[in-house]
$ cat upload-v9.cif   # mmCIF, C-alpha atoms and all ligand atoms
data_final
loop_
_atom_site.label_atom_id
_atom_site.label_comp_id
_atom_site.auth_asym_id
_atom_site.auth_seq_id
_atom_site.Cartn_x
_atom_site.Cartn_y
_atom_site.Cartn_z
CA MET K 302 -59.01 -14.43 -7.02
CA THR K 303 -57.85 -11.40 -8.99
CA GLY K 304 -58.53 -8.05 -7.35
CA ALA K 305 -59.87 -5.08 -9.27
CA LYS K 306 -59.51 -1.36 -8.76
CA ILE K 307 -62.02 0.96 -10.38
CA CYS K 308 -60.21 4.28 -10.69
CA GLY K 309 -61.28 7.88 -11.20
CA LEU K 310 -64.66 7.62 -9.47
CA SER K 311 -66.39 10.89 -8.75
CA ASP K 312 -70.09 10.25 -8.14
CA PRO K 313 -72.06 8.13 -5.67
CA ALA K 314 -73.91 5.98 -8.23
CA THR K 315 -70.81 4.65 -9.96
CA LEU K 316 -68.92 4.32 -6.68
CA ASP K 317 -71.79 2.18 -5.40
CA ALA K 318 -71.69 0.13 -8.62
CA ALA K 319 -67.98 -0.57 -8.06
CA VAL K 320 -68.57 -1.69 -4.49
CA ALA K 321 -71.65 -3.76 -5.38
CA GLY K 322 -69.77 -5.42 -8.25
CA GLY K 323 -67.01 -6.60 -5.94
CA ALA K 324 -64.15 -4.15 -6.56
CA SER K 325 -61.30 -4.69 -4.10
CA ASN K 326 -60.27 -1.04 -4.43
CA VAL K 327 -61.70 2.25 -5.60
CA GLY K 328 -59.53 5.10 -6.85
CA PHE K 329 -59.82 8.86 -6.39
CA VAL K 330 -57.66 11.09 -8.62
CA PHE K 331 -56.00 14.16 -7.13
CA PHE K 332 -54.39 15.77 -10.16
CA ALA K 333 -55.76 19.08 -11.43
CA PRO K 334 -55.21 18.50 -15.21
CA SER K 335 -57.22 15.26 -15.09
CA PRO K 336 -60.92 15.20 -16.04
CA ARG K 337 -61.25 12.92 -12.99
CA ASP K 338 -59.70 15.35 -10.51
CA LEU K 339 -61.70 15.13 -7.29
CA PRO K 340 -62.23 18.07 -4.91
CA PHE K 341 -61.54 17.20 -1.27
CA ASP K 342 -65.13 17.76 -0.11
CA ARG K 343 -66.46 15.30 -2.72
CA ALA K 344 -63.74 12.80 -1.83
CA ALA K 345 -64.91 12.92 1.78
CA GLY K 346 -68.52 12.32 0.77
CA LEU K 347 -67.63 9.39 -1.45
CA ALA K 348 -65.25 7.86 1.10
CA ALA K 349 -68.07 7.73 3.63
CA ARG K 350 -69.91 5.30 1.30
CA VAL K 351 -67.03 2.83 1.01
CA PRO K 352 -67.21 -0.23 3.25
CA GLU K 353 -64.15 -1.17 5.28
CA HIS K 354 -63.22 -4.21 3.18
CA VAL K 355 -62.72 -2.01 0.07
CA GLY K 356 -59.46 -0.08 -0.23
CA ILE K 357 -59.45 3.61 -1.17
CA VAL K 358 -56.49 4.51 -3.36
CA GLY K 359 -55.51 8.14 -4.00
CA VAL K 360 -53.85 8.73 -7.37
CA PHE K 361 -51.17 11.44 -7.52
CA VAL K 362 -48.57 12.79 -9.93
CA ASP K 363 -45.38 13.73 -8.06
CA PRO K 364 -47.42 15.43 -5.29
CA ASP K 365 -46.17 17.84 -2.66
CA ASP K 366 -46.66 17.18 1.05
CA ALA K 367 -49.62 19.54 1.40
CA LEU K 368 -51.62 17.80 -1.33
CA ILE K 369 -50.90 14.33 0.01
CA ASP K 370 -51.73 15.27 3.60
CA ALA K 371 -55.02 16.92 2.66
CA ALA K 372 -56.10 14.14 0.31
CA VAL K 373 -55.22 11.30 2.69
CA ALA K 374 -57.33 12.97 5.38
CA ALA K 375 -60.26 14.03 3.18
CA GLY K 376 -60.50 10.78 1.22
CA SER K 377 -59.75 8.42 4.14
CA LEU K 378 -57.16 6.91 1.84
CA THR K 379 -55.87 3.43 2.62
CA ALA K 380 -53.26 3.59 -0.15
CA ILE K 381 -51.47 6.12 -2.34
CA GLN K 382 -50.65 5.56 -6.02
CA LEU K 383 -47.76 7.64 -7.29
CA HIS K 384 -47.03 8.44 -10.93
CA LYS K 385 -43.86 10.15 -12.21
CA THR K 386 -42.37 10.14 -8.72
CA ALA K 387 -38.73 9.30 -8.05
CA PRO K 388 -38.03 6.31 -5.78
CA PRO K 389 -36.53 8.33 -2.88
CA ARG K 390 -39.62 10.57 -2.86
CA ILE K 391 -41.88 7.51 -3.02
CA ALA K 392 -40.12 6.12 0.06
CA GLU K 393 -40.49 9.47 1.81
CA LEU K 394 -44.22 9.66 1.08
CA ARG K 395 -44.68 6.08 2.21
CA ARG K 396 -43.04 6.94 5.55
CA ARG K 397 -44.92 10.23 5.83
CA THR K 398 -48.39 8.82 5.21
CA GLY K 399 -47.96 5.34 6.66
CA ARG K 400 -50.19 4.20 3.80
CA GLU K 401 -49.70 1.26 1.45
CA THR K 402 -47.80 2.77 -1.46
CA TRP K 403 -48.25 1.84 -5.10
CA ALA K 404 -45.61 3.05 -7.55
CA ALA K 405 -46.69 3.36 -11.17
CA LEU K 406 -44.10 2.15 -13.67
CA ALA K 407 -44.71 3.40 -17.21
CA VAL K 408 -44.00 0.61 -19.71
CA LYS K 409 -43.48 0.62 -23.45
CA THR K 410 -40.41 -1.59 -23.92
CA ARG K 411 -38.71 -4.33 -21.92
CA ALA K 412 -36.03 -1.85 -20.88
CA ASP K 413 -38.70 0.08 -18.98
CA LEU K 414 -39.07 -2.90 -16.65
CA ASP K 415 -35.54 -2.23 -15.36
CA GLY K 416 -37.13 0.55 -13.32
CA ALA K 417 -38.90 -2.05 -11.17
CA ARG K 418 -35.73 -2.89 -9.22
CA ALA K 419 -35.35 0.67 -7.93
CA LEU K 420 -38.89 0.54 -6.55
CA ALA K 421 -38.34 -2.58 -4.46
CA GLN K 422 -37.23 -0.73 -1.33
CA ALA K 423 -39.46 2.30 -1.87
CA ALA K 424 -42.99 0.99 -2.47
CA ASP K 425 -45.34 -1.82 -1.48
CA ARG K 426 -46.72 -2.54 -4.95
CA ILE K 427 -45.75 -1.83 -8.55
CA LEU K 428 -48.48 -0.78 -10.96
CA TYR K 429 -47.40 -1.53 -14.52
CA ASP K 430 -49.11 1.05 -16.69
CA ALA K 431 -48.80 2.02 -20.35
CA LYS K 432 -46.39 4.87 -21.08
CA THR K 433 -48.31 7.84 -22.46
CA PRO K 434 -46.81 9.90 -25.31
CA GLU K 435 -44.14 12.53 -24.62
CA GLY K 436 -45.92 15.79 -23.76
CA ALA K 437 -49.28 14.14 -23.00
CA ALA K 438 -51.36 15.95 -20.39
CA LEU K 439 -51.74 12.80 -18.28
CA PRO K 440 -49.30 10.03 -17.35
CA GLY K 441 -52.22 7.58 -17.12
CA GLY K 442 -55.93 7.31 -17.61
CA MET K 443 -55.72 7.57 -21.39
CA GLY K 444 -56.90 4.08 -22.27
CA LEU K 445 -53.54 3.06 -23.72
CA ARG K 446 -52.20 -0.44 -23.27
CA PHE K 447 -48.71 -1.91 -23.52
CA ASP K 448 -47.53 -5.28 -24.81
CA TRP K 449 -48.47 -7.67 -22.01
CA GLU K 450 -45.96 -10.21 -23.34
CA LEU K 451 -43.24 -7.98 -21.87
CA LEU K 452 -44.27 -9.25 -18.42
CA ARG K 453 -43.90 -12.91 -19.36
CA GLY K 454 -41.28 -14.52 -17.12
CA PHE K 455 -40.49 -11.21 -15.41
CA ALA K 456 -39.32 -11.58 -11.80
CA HIS K 457 -41.55 -9.05 -10.05
CA PRO K 458 -39.68 -7.59 -7.08
CA LEU K 459 -42.92 -6.63 -5.30
CA PRO K 460 -46.64 -7.43 -5.35
CA TRP K 461 -47.99 -5.85 -8.51
CA ALA K 462 -50.98 -4.78 -10.56
CA LEU K 463 -51.71 -4.31 -14.26
CA SER K 464 -53.29 -1.25 -15.83
CA GLY K 465 -53.51 0.61 -19.10
CA GLY K 466 -56.27 0.23 -21.66
CA LEU K 467 -58.16 -2.52 -19.87
CA ASP K 468 -61.88 -3.00 -20.42
CA ALA K 469 -64.53 -5.72 -20.08
CA GLY K 470 -63.58 -7.14 -23.45
CA ASN K 471 -59.86 -7.63 -22.85
CA VAL K 472 -59.35 -7.97 -19.11
CA GLY K 473 -59.91 -11.75 -19.11
CA GLU K 474 -57.18 -12.22 -21.68
CA ALA K 475 -54.91 -9.79 -19.80
CA ILE K 476 -55.25 -11.80 -16.60
CA GLU K 477 -54.75 -15.09 -18.41
CA ARG K 478 -51.62 -13.90 -20.22
CA THR K 479 -49.91 -12.01 -17.39
CA GLY K 480 -51.22 -13.73 -14.24
CA ALA K 481 -52.00 -10.28 -12.82
CA PRO K 482 -53.12 -10.54 -9.19
CA LEU K 483 -54.81 -7.14 -9.43
CA VAL K 484 -56.13 -5.11 -12.37
CA ASP K 485 -56.86 -1.41 -12.55
CA VAL K 486 -59.18 0.41 -14.96
CA SER K 487 -60.34 3.94 -15.62
CA SER K 488 -61.14 4.87 -19.25
CA GLY K 489 -62.45 1.38 -20.04
CA VAL K 490 -65.44 1.88 -17.77
CA GLU K 491 -66.32 5.37 -19.04
CA THR K 492 -68.56 6.81 -21.76
CA ALA K 493 -66.35 9.94 -22.03
CA PRO K 494 -63.22 11.09 -20.18
CA GLY K 495 -64.18 11.38 -16.53
CA VAL K 496 -67.72 10.04 -17.01
CA LYS K 497 -68.00 6.63 -15.38
CA ASP K 498 -70.72 4.18 -16.39
CA ALA K 499 -72.30 1.79 -13.89
CA GLY K 500 -73.08 -0.83 -16.55
CA LYS K 501 -69.49 -0.84 -17.83
CA ILE K 502 -68.19 -1.14 -14.27
CA ALA K 503 -70.46 -4.13 -13.62
CA ALA K 504 -69.39 -5.78 -16.90
CA PHE K 505 -65.70 -5.22 -16.12
CA LEU K 506 -65.96 -6.72 -12.66
CA LYS K 507 -67.92 -9.68 -14.01
CA ALA K 508 -65.21 -10.29 -16.62
CA VAL K 509 -62.52 -10.18 -13.90
CA ARG K 510 -64.40 -12.79 -11.85
CA ARG K 511 -64.75 -15.04 -14.87
O1 LIG F 1 -57.08 8.67 -14.59
C1 LIG F 1 -56.43 9.71 -14.58
O2 LIG F 1 -56.92 10.78 -14.94
C2 LIG F 1 -55.00 9.67 -14.14
C3 LIG F 1 -54.34 10.87 -13.99
C4 LIG F 1 -53.02 10.89 -13.60
C5 LIG F 1 -52.36 9.69 -13.35
C6 LIG F 1 -53.01 8.49 -13.52
C7 LIG F 1 -54.32 8.45 -13.91
N1 LIG F 1 -55.00 7.26 -14.09
C8 LIG F 1 -54.44 5.95 -13.96
O3 LIG F 1 -54.06 5.47 -15.22
C9 LIG F 1 -54.15 4.07 -15.24
C10 LIG F 1 -54.74 3.53 -16.52
O4 LIG F 1 -55.90 4.16 -16.89
P1 LIG F 1 -56.75 3.65 -18.17
O5 LIG F 1 -57.57 2.47 -17.69
O6 LIG F 1 -55.82 3.28 -19.25
O7 LIG F 1 -57.61 4.80 -18.50
C11 LIG F 1 -54.93 3.69 -14.01
O8 LIG F 1 -53.99 3.16 -13.10
C12 LIG F 1 -55.43 4.95 -13.43
O9 LIG F 1 -55.32 4.88 -12.04
#
$ encode --input "upload-v9.cif" --output "structure tokens" --more "lines below"
Ligand SMILES: O=C(O)c1ccccc1N[C@@H]1O[C@H](COP(=O)(O)O)[C@@H](O)[C@H]1O
Amino acid sequence: MTGAKICGLSDPATLDAAVAGGASNVGFVFFAPSPRDLPFDRAAGLAARVPEHVGIVGVFVDPDDALIDAAVAAGSLTAIQLHKTAPPRIAELRRRTGRETWAALAVKTRADLDGARALAQAADRILYDAKTPEGAALPGGMGLRFDWELLRGFAHPLPWALSGGLDAGNVGEAIERTGAPLVDVSSGVETAPGVKDAGKIAAFLKAVRR
């Protein structure tokens, strides 16, 4: 069964919708420029609603130690997801936190997949995500997708997940074409950047189960 992470949650109603719909993971973003950036006190309140069988993934962009330490504690994080972070630093944060560590790999061309090898010793999971344009404010969470065919026949060096531009209408095809064991969505279950929608979350999770 394919797992699903609903990312960028920031209010109780949509968090509850993700849990009720069968999400395997929920995601809290700790990155100030993001419209989904979550203050620590709200992360703590939301984390208290998450049952033990659902993972809580903190999303970071090359974070410093202070941010990681505070977020892991406040959000009761079970995993950390690192964007734009060099492999040695990923390994260091994995050791420091003792948490399952997901390394985002930004993909646009097949050559980008070469970066997967360097992550093999550093992380526990690779998250293939669409590369956002040079100079974009965010390295993810922009609803962009990459060519899933690039993953065909690729020898994944670690457990992995697929993200980037997924929604209820395309996630079934994405799973069928890539064999993704886990999918991750943010914009595709929103009505505006940072505004999650319970109905869209339910529809996404139903499409994953199908
Ligand atoms: O969602 C954000 O604001 C964000 C900020 C910084 C790094 C990553 C972020 N989101 C991640 O982006 C992917 C794909 O999102 P989308 O479905 O295309 O909107 C997902 O892994 C989010 O965790």
$ residues_near_ligand --input "upload-v9.cif" --ligand "ligand LIG 1 (chain F)" --cutoff "7 Å" --atoms "all atoms listed in the file" --output "PyMOL selection string"
chain K and resi 308-309+328+330+332+335-338+360-362+384+430+439-446+464-467+485-489
$ residues_around --input "upload-v9.cif" --residues "Pro313 of chain K" --least-positions-apart "6" --cutoff "9 Å" --atoms "only C-alpha atoms" --output "PyMOL selection string"
chain K and resi 346-347+350
$ residues_around --input "upload-v9.cif" --residues "Gly473 of chain K" --least-positions-apart "3" --cutoff "12 Å" --atoms "all atoms listed in the file" --output "MDAnalysis selection string"
chainID K and resid 303 305 467:470 476:481 483:484 504:511
$ write_last_selection --input "upload-v9.cif" --atoms "C-alpha atoms" --output "short mmCIF file (atom, residue, chain, number, x, y, z; two decimals), keeping the file's coordinate frame"
data_model
loop_
_atom_site.label_atom_id
_atom_site.label_comp_id
_atom_site.auth_asym_id
_atom_site.auth_seq_id
_atom_site.Cartn_x
_atom_site.Cartn_y
_atom_site.Cartn_z
CA THR K 303 -57.85 -11.40 -8.99
CA ALA K 305 -59.87 -5.08 -9.27
CA LEU K 467 -58.16 -2.52 -19.87
CA ASP K 468 -61.88 -3.00 -20.42
CA ALA K 469 -64.53 -5.72 -20.08
CA GLY K 470 -63.58 -7.14 -23.45
CA ILE K 476 -55.25 -11.80 -16.60
CA GLU K 477 -54.75 -15.09 -18.41
CA ARG K 478 -51.62 -13.90 -20.22
CA THR K 479 -49.91 -12.01 -17.39
CA GLY K 480 -51.22 -13.73 -14.24
CA ALA K 481 -52.00 -10.28 -12.82
CA LEU K 483 -54.81 -7.14 -9.43
CA VAL K 484 -56.13 -5.11 -12.37
CA ALA K 504 -69.39 -5.78 -16.90
CA PHE K 505 -65.70 -5.22 -16.12
CA LEU K 506 -65.96 -6.72 -12.66
CA LYS K 507 -67.92 -9.68 -14.01
CA ALA K 508 -65.21 -10.29 -16.62
CA VAL K 509 -62.52 -10.18 -13.90
CA ARG K 510 -64.40 -12.79 -11.85
CA ARG K 511 -64.75 -15.04 -14.87
#
$ closest_residue --input "upload-v9.cif" --among "K:Met302, K:Ile307, K:Leu378, K:Ala412" --to "Ile502 of chain K" --atoms "all atoms listed in the file"
K:Ile307
$ closest_residue --input "upload-v9.cif" --among "K:Gly304, K:Pro334, K:Pro389, K:Asp312" --to "Val496 of chain K" --atoms "all atoms listed in the file"
K:Asp312
$ closest_residue --input "upload-v9.cif" --among "K:Gly399, K:Gly376, K:Gly454, K:Pro460" --to "Val351 of chain K" --atoms "only C-alpha atoms"
K:Gly376
$ residues_around --input "upload-v9.cif" --residues "Ala503 of chain K" --least-positions-apart "4" --cutoff "8 Å" --atoms "all atoms listed in the file" --output "PyMOL selection string"
chain K and resi 318-319+322+499+507
$ residues_around --input "upload-v9.cif" --residues "Thr402 of chain K" --least-positions-apart "2" --cutoff "6 Å" --atoms "only C-alpha atoms" --output "VMD selection string"
chain K and resid 380 to 381 395 400 424 to 425
$ closest_residue --input "upload-v9.cif" --among "K:Ala438, K:Phe455, K:Trp461, K:Leu383" --to "Asp413 of chain K" --atoms "only C-alpha atoms"
K:Phe455
$ axis_aligned_box --input "upload-v9.cif" --around "segment 342-359 of chain K" --padding-each-side "3 Å" --output "lines of an AutoDock Vina configuration file"
center_x = -62.7
center_y = 6.8
center_z = 0.6
size_x = 20.4
size_y = 28.0
size_z = 15.3
$ closest_residue --input "upload-v9.cif" --among "K:Gly416, K:Ala421, K:Ala462, K:Arg411" --to "Glu450 of chain K" --atoms "all atoms listed in the file"
K:Arg411
$ residues_near_point --input "upload-v9.cif" --point "(-75.2, 4.1, -13.9)" --cutoff "7 Å" --atoms "all atoms listed in the file" --output "list in words"
Ala314, Thr315, Asp498, Ala499 and Gly500 of chain K
$ decode --input "upload-v9.cif" --residues "segment 334-352 of chain K" --atoms "C-alpha atoms" --output "tab-separated table (two decimals), in the first residue's frame"
chain	number	residue	atom	x	y	z
K	334	PRO	CA	9.76	32.53	3.55
K	335	SER	CA	7.10	29.83	3.11
K	336	PRO	CA	3.38	30.67	3.39
K	337	ARG	CA	3.22	27.38	5.35
K	338	ASP	CA	5.84	28.33	7.93
K	339	LEU	CA	4.65	27.05	11.30
K	340	PRO	CA	5.43	28.78	14.63
K	341	PHE	CA	6.70	26.39	17.29
K	342	ASP	CA	3.72	26.88	19.63
K	343	ARG	CA	1.27	25.93	16.86
K	344	ALA	CA	3.42	22.95	15.89
K	345	ALA	CA	3.18	21.71	19.47
K	346	GLY	CA	-0.60	22.07	19.49
K	347	LEU	CA	-0.99	20.24	16.20
K	348	ALA	CA	1.46	17.49	17.15
K	349	ALA	CA	-0.64	16.68	20.20
K	350	ARG	CA	-3.51	15.72	17.84
K	351	VAL	CA	-1.47	13.24	15.80
K	352	PRO	CA	-1.87	9.58	16.72
